[in-house]
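Below is one structure; the comments refer to it alone.
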Amino acid sequence: DELVSQIAAGEVVERPASVVRELVDNALDAGARQITVRLTAGGVRAIVVEDDGGGIPVEELPLALKRHATSKIRSLEELEGVQTMGFRGEALAAIASVSDMSIVSRTADAAHGQRIDARSGELSPAARSVGTSIEVRELFFSTPARRKFLKSDATELAHAVEAVKRHALVRPDVGFAVWHDGKLIQQWRQASHDTRMSDVLGADFVANSRLVDTMAGPMRVLGRIGLPEAARARSDHQFAYVNGRFVKDKLVAHALRTAYEDVLHGQRQPAYVMFIDIDPTRVDVNVHPTKIEVRFRESGEVYGAVRRAVEQTLAVPGG
Ligand code: ADP
Ligand code: MG
């Protein structure tokens, strides 16, 4: 079973950034309004994610670490319309199998927090305000072959910060802080969408971009696409989301790029932050272990709707 977990971990956990993504997903699912990420040595030595969400009841703590134990869906029908970031109950078990993990959590009705050590399963009382802290130490220490694939601390740190950025752009209502080796390196306060985009991507992007906001049948396309004059209108500023989930989707990327090229004849890849909201039964998010890819039921319609939304926005002079 340890082996099975480690194999599953290989699909979900590639590097510290994957751990950050999963832990922040969980914090958001728990209703957090403030999330703090603390990294040591690029996250290779330690990753701590603290949230002020609802916490985990003490009797559920051991369950949270079990494979396929999720508190988020109970049936296949619920999977069809899943609203939470997580639903497979795999992440914590997978991460715990390739690291030294502990959880400290407290619910609103508990007199104090509880710590659980993933390896021993031991529970002990701990001080904490309502919410959850998950600490992941020495990623891949027991699988040296995998640890060798990690890059320099600076590179791992950059990927981990990118993971937080992806969340920060879609959840401006949540405050984020990232610490590295004891220093605060990023802080994004609760804000409006535009302020958050400006805080994360720079004021230049917001000033030199067009607001897209279009309804197309059961879909809404909302976001900003950078104009060629945005100095940082580059391909590393491409953030697409489907129902609040960051995705790398060729169809969406192609639709955005084609619209941009058709109207602006831009030479470079456009920068964008685009939120596509669609009836959840029309998109399958359960096609990739990290959920970074999705499958649309009517992909042609989605393609057309995204492309038209952006084309119409860009075609308005000075809009
Ligand atoms: P999933 O997110 O798919 O349910 P995970 O392995 O990521 O699976 O987490 C397992 C369970 O642990 C979750 O279903 C949830 O009940 C609990 N959990 C994990 N992280 C948190 C958190 N930060 N706050 C509250 N509950 C959490
Ligand atoms: Mg999860």
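Ordering of the structure tokens sets the chain letters (A, B, ...), residue numbers begin anew at 1 in every chain, and ligands are numbered from 1 in the order given.
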Using only C-alpha atoms and all ligand atoms, find each residue of chain A with at least one atom at most 6 Å away from an atom of ligand 1; report its shortest atom-to-atom pair and that distance in Å (one decimal), sort the rows by chain and rising residue number, and return the result as a tab-separated table.
```
residue	atom	partner	partner_atom_place_in_ligand_line	distance
A:Asn26	CA	ligand 1	20 (N)	4.5
A:Ala27	CA	ligand 1	23 (N)	3.9
A:Ala30	CA	ligand 1	24 (N)	4.7
A:Gly53	CA	ligand 1	24 (N)	5.9
A:Gly54	CA	ligand 1	25 (C)	5.9
A:Gly55	CA	ligand 1	25 (C)	4.4
A:Ile56	CA	ligand 1	26 (N)	4.8
A:Ala64	CA	ligand 1	12 (O)	3.8
A:Thr70	CA	ligand 1	14 (O)	3.6
A:Ser71	CA	ligand 1	14 (O)	4.0
A:Lys72	CA	ligand 1	14 (O)	5.3
A:Gly86	CA	ligand 1	2 (O)	3.6
A:Phe87	CA	ligand 1	3 (O)	3.6
A:Arg88	CA	ligand 1	3 (O)	3.9
A:Gly89	CA	ligand 1	8 (O)	3.1
A:Glu90	CA	ligand 1	6 (O)	4.3
A:Ala91	CA	ligand 1	6 (O)	3.8
A:Leu92	CA	ligand 1	6 (O)	3.8
A:Ala93	CA	ligand 1	6 (O)	5.8
A:Thr132	CA	ligand 1	23 (N)	5.0
```
Per DSSP on the backbone, what are the helix (DSSP H, G or I) residues of stretch 103-286 of chain A, as a ChimeraX atom specification?
/A:144-147,153-170,193-201,203-207,235-237,250-264,280-282
If you keep C-alpha atoms, can you produce a file of those selected residues as a tab-separated table (two decimals), in the first residue's frame?
```tsv
chain	number	residue	atom	x	y	z
A	144	PRO	CA	16.16	9.73	-3.61
A	145	ALA	CA	15.72	9.01	-7.33
A	146	ARG	CA	12.83	11.47	-7.42
A	147	ARG	CA	14.58	14.00	-5.23
A	153	ASP	CA	16.12	25.97	-4.69
A	154	ALA	CA	15.67	29.19	-6.67
A	155	THR	CA	13.93	27.33	-9.50
A	156	GLU	CA	11.70	25.34	-7.16
A	157	LEU	CA	10.84	28.55	-5.33
A	158	ALA	CA	9.86	30.25	-8.60
A	159	HIS	CA	7.53	27.37	-9.45
A	160	ALA	CA	6.00	27.42	-5.98
A	161	VAL	CA	5.35	31.18	-6.17
A	162	GLU	CA	3.82	30.66	-9.62
A	163	ALA	CA	1.44	28.12	-8.09
A	164	VAL	CA	0.29	30.67	-5.50
A	165	LYS	CA	-0.06	33.32	-8.22
A	166	ARG	CA	-2.45	31.09	-10.15
A	167	HIS	CA	-4.68	30.89	-7.10
A	168	ALA	CA	-4.26	34.54	-6.20
A	169	LEU	CA	-5.48	35.73	-9.61
A	170	VAL	CA	-8.73	33.81	-9.40
A	193	HIS	CA	-10.18	41.57	-9.49
A	194	ASP	CA	-8.41	44.47	-11.18
A	195	THR	CA	-6.41	45.42	-8.10
A	196	ARG	CA	-5.36	41.81	-7.62
A	197	MET	CA	-4.31	41.53	-11.27
A	198	SER	CA	-2.34	44.71	-10.90
A	199	ASP	CA	-0.72	43.48	-7.67
A	200	VAL	CA	0.22	40.12	-9.17
A	201	LEU	CA	1.02	40.99	-12.80
A	203	ALA	CA	-0.16	47.88	-13.16
A	204	ASP	CA	1.10	47.91	-16.75
A	205	PHE	CA	-0.91	44.82	-17.60
A	206	VAL	CA	-4.19	46.25	-16.30
A	207	ALA	CA	-3.58	49.66	-17.92
A	235	SER	CA	3.40	34.26	-22.87
A	236	ASP	CA	4.41	33.86	-19.24
A	237	HIS	CA	1.36	35.96	-18.41
A	250	LYS	CA	-4.87	24.02	-25.87
A	251	LEU	CA	-8.36	24.82	-27.12
A	252	VAL	CA	-8.78	27.87	-24.91
A	253	ALA	CA	-5.22	29.05	-25.58
A	254	HIS	CA	-5.72	28.67	-29.32
A	255	ALA	CA	-9.03	30.55	-29.28
A	256	LEU	CA	-7.46	33.45	-27.37
A	257	ARG	CA	-4.39	33.61	-29.55
A	258	THR	CA	-6.35	33.43	-32.79
A	259	ALA	CA	-8.72	36.21	-31.70
A	260	TYR	CA	-5.73	38.36	-30.78
A	261	GLU	CA	-3.94	37.72	-34.07
A	262	ASP	CA	-7.05	38.26	-36.18
A	263	VAL	CA	-7.84	41.65	-34.69
A	264	LEU	CA	-4.49	43.07	-33.66
A	280	PRO	CA	-20.18	22.15	-14.51
A	281	THR	CA	-21.98	19.22	-16.10
A	282	ARG	CA	-20.59	20.38	-19.48
```
Can you check which residues of stretch 26-268 of chain A DSSP gives as strand (DSSP E or B) on the backbone and send them as a ChimeraX atom specification?
/A:34-40,46-51,100-106,113-117,123-126,131-137,175-180,183-188,209-216,219-226,238-242,245-247
Spatial neighbours of A:Ser120, max dist 12 Å, only C-alpha atoms, sep filter under 4 positions, as a list in words
Pro62, Leu65, Ala96, Asp100, Met101, Ser102, Arg115, Ile116 and Ser124 of chain A
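Atom CA of A:Val247 is positioned 13.9 Å from atom CA of A:Ser18.
Our summary of the geometry notes that atom CA of A:Pro218 is positioned 11.7 Å from atom CA of A:Val283.
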For A:Ala230, find every residue with an atom within 8 Å (counting only C-alpha atoms), except residues of its own chain fewer than 2 positions away, and show them as a PyMOL selection string.
chain A and resi 204-205+207-209+226-228+232-233
Counting only C-alpha atoms, the option among A:Arg137, A:Lys148, A:Lys291, A:His112 closest to A:Asp25
A:Lys291
For the atom pair atom CA of A:Val287 and atom CA of A:Val13, what is the interatomic distance in Å to one decimal place?
16.3 Å
So, counting only C-alpha atoms and all ligand atoms, which residue among A:Ser99, A:Thr290, A:Ser192, A:Ser75 is closest to ligand 2?
A:Thr290
Selected residue of minimal separation from ligand 2 among A:Lys66, A:Arg171, A:Arg224, A:Arg308, counting only C-alpha atoms and all ligand atoms
A:Lys66
